[in-house]
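Enquirer: Submitted below is the structure of interest, expressed as structure tokens.
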Amino acid sequence: MTANFRSDNETPVATAIMDAIVEANQGTAWAYAEDDWSNRLNQAFSELFRTDATVIPVSTGTVANAIALATVTPPWGSVFCHSGAHIQNDECGAPEFFGNGKRLVPVDGEHAKLTPAALKRAVRAVEGHGIHSYKPTALSLTQATEGGTVYSIEEVRALCDSAHTMDLVTHMDGARFGNAIASLGCHPAEVTVEAGIDMLSFGASKNGCMAAEALVFFNQPSLRETAERLRKRSGHLLSKMRYISAQLLAYIEDDRWLEMARHANFQAARFASAVKEHSEASLQFPVQANEVFVQWTKAGFDHLESQGIQFLLWPGRDDLARFVFGHSTSDEDTRLLVTALAR
Ligand SMILES: Cc1ncc(COP(=O)(O)O)c(C=O)c1O
């Protein structure tokens with residue numbers, strides 16, 4: 001028996017999403033995001049976020065982030081993010097590539113989170129030389145974070161207030177946005193547009209979709225053209241966009257996205273409780289979404305592997321591993337993991 005906790009990218013497409021793809025697969029439809037499904041996205045996301053939303057469907061989170069940041073940042077601009085951010089470490093420089101030379105400025109913070117004080121210090125440190133410096137332009141924060149923690153509404157609001165005071169545009173990398181909302185139990189608008197977020201990379205692929213992500217601009221329809229040009233120029237304007245847009249509509253319909261995320265978070269919490277009770281293993285971060293980072297011995301992790309448990313050892317470490325729970329993680333998968341941990 002094996003159970004896979006390597007990544008939520010390795011989960012299958014949810015049945016309801018696959019059904020939506022099949023339903024969209026009837027007859028012809030206008031190409032290049034001019035189909036009926038794509039045309040409904042602005043309205044659907046405006047309702048979801050109870051504000052004016054401009055939606056650019058894309059197929060990866062990397063490109064959603066890169067287009068968002070390139071849309072608002074000049075080549076001489078800088079974007080502030082956590083030092084563990086996906087845009088900083090895991091996108092092969094895509095934000096800088098799309099930004100024609102713009103720079104990411106990594107900022108440290110406990111539990112994979114930024115604070116207004118750290119942000120302010122970092123901005124002050126780089127802007128000191130006027131025209132000679134990169135121009136601080138944007139803040140990007142990840143929700144849920146790369147450490148599996150979740151910013152509260154108050155934390156997001158404080159960061160956005162601080163960013164706006166310094167004339168920074170605010171971006172949220174929501175590759176696991178569903179898991180964050182399921183964890184907070186709040187309205188999705190409360191921790192985004194109503195807290196001061198200007199742009200959101202709304203992830204869906206990790207939580208039941210197939211190559212479907214949405215870049216969402218809040219109350220800034222004029223940014224659409226630049227974002228659309230960047231999408232086309234980078235080869236990301238899919239001719240058959242209907243299949244992406246149909247997924248996004250089905251994903252947010254009837255709170256399907258939250259139901260799947262709640263399930264993933266619940267399974268993660270079960271494992272986290274077992275780790276807390278363990279005499280040797282421990283949690284690296286508070287577990288607030290669907291990722292669990294465990295510190296343990298190499299022998300301990302070897303034992304889990306021998307029991308058919310698949311997970312990722314953190315690069316360069318044999319005493320730290322990541323376990324990710326998804327919409328398809330079964331009770332039995334988690335039971336296998338908890339049992340293997342106990343022996
Ligand atoms: C925090 C975060 N942001 C963005 C992404 C975007 O990923 P991709 O380009 O693989 O869709 C990921 C994927 O692992 C992620 O974990």
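The way I read the labels, and the way they are meant: chains A, B, ... in the order of the structure tokens, residue 1 as the first residue of every chain, and ligand 1 as the first ligand shown, with later ones counted on from there.
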Hey, which residues come within 6 Å of ligand 1 if we count only C-alpha atoms and all ligand atoms? Could you give them as a list of chain:residue names?
Expert: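 Counting only C-alpha atoms and all ligand atoms, the residues within 6 Å of ligand 1 come out as A:Thr60, A:Gly61, A:Thr62, A:His86, A:Glu146, A:Asp173, A:Ala175.
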Enquirer: For the strand (DSSP E) assignment from backbone DSSP, which residues of segment 171-276 of chain A qualify? Please present them as a list in words.
Expert: His171, Met172, Asp173, Gly174, Met199, Leu200, Ser201, Phe202, Gly203, Glu213, Ala214, Leu215, Val216, Phe217 and Phe218 of chain A
Enquirer: Restricting the calculation to only C-alpha atoms, which member of A:Leu48, A:Val79, A:Gly84, A:His236 is positioned closest to Val105 of chain A?
Expert: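 Closest to Val105 of chain A of all the choices is A:Val79.
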Enquirer: Using only C-alpha atoms, I'd like a table of the residues in segment 191-283 of chain A that come within 10 Å of segment 51-56 of chain A; for each, show the closest atom pair and its distance in Å rounded to one decimal, ordered by chain and ascending number, as CSV.
Expert:
```
residue,atom,partner,partner_atom,distance
A:Val193,CA,A:Thr51,CA,7.9
A:Glu194,CA,A:Thr51,CA,9.1
A:Met199,CA,A:Ala53,CA,9.4
A:Leu200,CA,A:Val55,CA,9.6
A:Ser201,CA,A:Ile56,CA,9.6
A:Phe202,CA,A:Val55,CA,9.6
A:Glu213,CA,A:Ile56,CA,8.6
A:Ala214,CA,A:Ile56,CA,5.7
A:Leu215,CA,A:Ile56,CA,5.0
A:Val216,CA,A:Val55,CA,4.6
A:Phe217,CA,A:Thr54,CA,5.1
A:Phe218,CA,A:Ala53,CA,4.8
A:Asn219,CA,A:Asp52,CA,5.0
A:Gln220,CA,A:Thr54,CA,7.2
A:Pro221,CA,A:Thr54,CA,5.8
A:Ser222,CA,A:Thr54,CA,9.1
A:Leu223,CA,A:Thr54,CA,8.5
A:Arg224,CA,A:Thr54,CA,6.9
A:Ala227,CA,A:Ile56,CA,7.6
A:Glu228,CA,A:Ile56,CA,7.3
A:Arg231,CA,A:Ile56,CA,8.5
A:Leu237,CA,A:Ile56,CA,9.5
A:Ser245,CA,A:Ile56,CA,9.5
```
Enquirer: Within 12 Å of Glu155 of chain A, counting only C-alpha atoms, which residues qualify if same-chain residues fewer than 2 places away don't, as a ChimeraX atom specification?
Expert: /A:113-117,141,143,150-153,157-162,190-192,195-197
Enquirer: Looking at A:Ala125, A:Ala66, A:Met18, A:Leu337, which one is nearest to Asn100 of chain A, with distances taken over only C-alpha atoms?
Expert: A:Ala66
Enquirer: Find the residues around segment 286-289 of chain A up to 8 Å (only C-alpha atoms counted), leave out those fewer than 2 positions away in its own chain, and share them as a PyMOL selection string.
Expert: chain A and resi 111+144+148-150+179-180+182-183+264-265+268-269+272+283-284+291-292
Enquirer: Take atom CA of Ala68 of chain A and atom CA of Pro12 of chain A and report the distance between them in Å, one decimal.
Expert: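 Rounded to one decimal, the two atoms are 27.2 Å apart.
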Enquirer: Determine the nearest neighbour of Leu184 of chain A from the options A:Thr170, A:Thr226, A:Ile87, A:Leu258, counting only C-alpha atoms.
Expert: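 Once distances to Leu184 of chain A are computed over only C-alpha atoms, the minimum belongs to A:Leu258.
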Enquirer: Excluding Ile244 of chain A and its own-chain neighbours fewer than 2 positions away, which residues fall within 9 Å of it when counting only C-alpha atoms? Please give them as a PyMOL selection string.
Expert: chain A and resi 21+37-38+57-59+209-213+238+240-242+246-249
Enquirer: Next, the residues of the selection above should be written as a JSON list (two decimals), in the first residue's frame with N, CA, C and O atoms.
Expert:
```
[["chain", "number", "residue", "atom", "x", "y", "z"],
["A", 21, "ILE", "N", -15.47, 20.04, -18.12],
["A", 21, "ILE", "CA", -14.67, 20.03, -19.36],
["A", 21, "ILE", "C", -15.45, 19.28, -20.45],
["A", 21, "ILE", "O", -15.56, 19.74, -21.59],
["A", 37, "TRP", "N", -17.77, 30.77, -22.09],
["A", 37, "TRP", "CA", -17.30, 30.49, -20.72],
["A", 37, "TRP", "C", -16.36, 31.62, -20.27],
["A", 37, "TRP", "O", -16.51, 32.15, -19.18],
["A", 38, "SER", "N", -15.40, 31.95, -21.14],
["A", 38, "SER", "CA", -14.44, 33.02, -20.78],
["A", 38, "SER", "C", -15.17, 34.34, -20.59],
["A", 38, "SER", "O", -14.82, 35.13, -19.70],
["A", 57, "PRO", "N", -7.79, 34.34, -17.55],
["A", 57, "PRO", "CA", -7.49, 32.92, -17.32],
["A", 57, "PRO", "C", -6.15, 32.53, -17.93],
["A", 57, "PRO", "O", -5.82, 32.96, -19.04],
["A", 58, "VAL", "N", -5.40, 31.75, -17.18],
["A", 58, "VAL", "CA", -4.10, 31.25, -17.66],
["A", 58, "VAL", "C", -3.96, 29.80, -17.21],
["A", 58, "VAL", "O", -4.83, 29.28, -16.51],
["A", 59, "SER", "N", -2.83, 29.18, -17.59],
["A", 59, "SER", "CA", -2.74, 27.76, -17.26],
["A", 59, "SER", "C", -1.70, 27.40, -16.21],
["A", 59, "SER", "O", -1.62, 26.24, -15.82],
["A", 209, "CYS", "N", -8.48, 21.29, -10.23],
["A", 209, "CYS", "CA", -8.58, 21.64, -11.66],
["A", 209, "CYS", "C", -7.39, 21.10, -12.45],
["A", 209, "CYS", "O", -6.46, 20.54, -11.88],
["A", 210, "MET", "N", -7.44, 21.29, -13.77],
["A", 210, "MET", "CA", -6.34, 20.84, -14.63],
["A", 210, "MET", "C", -5.80, 22.05, -15.37],
["A", 210, "MET", "O", -6.46, 22.58, -16.27],
["A", 211, "ALA", "N", -4.63, 22.53, -14.97],
["A", 211, "ALA", "CA", -4.00, 23.66, -15.65],
["A", 211, "ALA", "C", -4.95, 24.86, -15.77],
["A", 211, "ALA", "O", -5.10, 25.43, -16.84],
["A", 212, "ALA", "N", -5.60, 25.21, -14.66],
["A", 212, "ALA", "CA", -6.52, 26.35, -14.69],
["A", 212, "ALA", "C", -6.23, 27.27, -13.51],
["A", 212, "ALA", "O", -6.30, 26.85, -12.35],
["A", 213, "GLU", "N", -5.86, 28.49, -13.82],
["A", 213, "GLU", "CA", -5.58, 29.50, -12.81],
["A", 213, "GLU", "C", -6.21, 30.80, -13.32],
["A", 213, "GLU", "O", -6.39, 30.98, -14.52],
["A", 238, "LEU", "N", -4.29, 30.67, -24.78],
["A", 238, "LEU", "CA", -4.66, 29.38, -25.38],
["A", 238, "LEU", "C", -5.78, 29.57, -26.40],
["A", 238, "LEU", "O", -6.74, 30.29, -26.13],
["A", 240, "LYS", "N", -7.87, 27.31, -27.26],
["A", 240, "LYS", "CA", -9.07, 26.63, -26.72],
["A", 240, "LYS", "C", -9.27, 26.96, -25.25],
["A", 240, "LYS", "O", -9.40, 26.08, -24.39],
["A", 241, "MET", "N", -9.30, 28.24, -24.98],
["A", 241, "MET", "CA", -9.41, 28.70, -23.59],
["A", 241, "MET", "C", -10.72, 28.26, -22.94],
["A", 241, "MET", "O", -10.84, 28.23, -21.72],
["A", 242, "ARG", "N", -11.70, 27.88, -23.76],
["A", 242, "ARG", "CA", -12.98, 27.49, -23.14],
["A", 242, "ARG", "C", -12.80, 26.40, -22.09],
["A", 242, "ARG", "O", -13.51, 26.35, -21.10],
["A", 246, "ALA", "N", -14.15, 27.05, -18.44],
["A", 246, "ALA", "CA", -15.24, 26.18, -17.96],
["A", 246, "ALA", "C", -14.87, 25.57, -16.62],
["A", 246, "ALA", "O", -15.71, 25.42, -15.72],
["A", 247, "GLN", "N", -13.60, 25.23, -16.45],
["A", 247, "GLN", "CA", -13.15, 24.68, -15.16],
["A", 247, "GLN", "C", -13.27, 25.72, -14.05],
["A", 247, "GLN", "O", -13.74, 25.42, -12.94],
["A", 248, "LEU", "N", -12.83, 26.94, -14.35],
["A", 248, "LEU", "CA", -12.85, 27.98, -13.31],
["A", 248, "LEU", "C", -14.29, 28.26, -12.87],
["A", 248, "LEU", "O", -14.55, 28.46, -11.68],
["A", 249, "LEU", "N", -15.22, 28.26, -13.82],
["A", 249, "LEU", "CA", -16.63, 28.51, -13.46],
["A", 249, "LEU", "C", -17.16, 27.36, -12.58],
["A", 249, "LEU", "O", -17.82, 27.60, -11.57]]
```
Enquirer: Hey, what does DSSP flag as helix (DSSP H, G or I) within segment 249-342 of chain A? Can you give it to me as a PyMOL selection string?
Expert: chain A and resi 249-277+298-306+331-342
Enquirer: Report, in Å with one decimal, the straight-line distance from atom CA of Val294 of chain A to atom CA of Thr329 of chain A.
Expert: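 Atom-to-atom, atom CA of Val294 of chain A and atom CA of Thr329 of chain A are spaced 18.2 Å apart.
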Enquirer: Fewer than 4 positions away in the same chain doesn't count, so skip those; otherwise give me all residues within 8 Å of Pro75 of chain A, counting only C-alpha atoms, as number ranges by chain.
Expert: A: 99-102
Enquirer: Please determine, counting only C-alpha atoms, which residue among A:Asp108, A:Asp333, A:Glu10, A:Asp90 has the shortest atom-to-atom distance to Gln267 of chain A.
Expert: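 Comparing A:Asp108, A:Asp333, A:Glu10, A:Asp90 against Gln267 of chain A, the winner is A:Asp333.
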Enquirer: List the neighbours of Ser140 of chain A out to 6 Å using only C-alpha atoms; skip same-chain residues closer than 5 positions along the sequence, and give me the result as a VMD selection string.
Expert: chain A and resid 81 171 to 172
Enquirer: Counting only C-alpha atoms, which residue out of A:Lys135, A:Thr334, A:Gly326, A:Arg233 sits closest to Ser273 of chain A?
Expert: A:Thr334
Enquirer: Tell me which of A:Ile252, A:Ala274, A:Ala281, A:Ala163 sits closest to Leu41 of chain A, counting only C-alpha atoms.
Expert: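 Looking only at the distances to Leu41 of chain A, the closest residue turns out to be A:Ile252.
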Enquirer: Go ahead and compute the interatomic distance for atom CA of Thr71 of chain A and atom CA of Arg121 of chain A, in Å to one decimal.
Expert: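 Taking atom CA of Thr71 of chain A and atom CA of Arg121 of chain A, their separation equals 25.1 Å.
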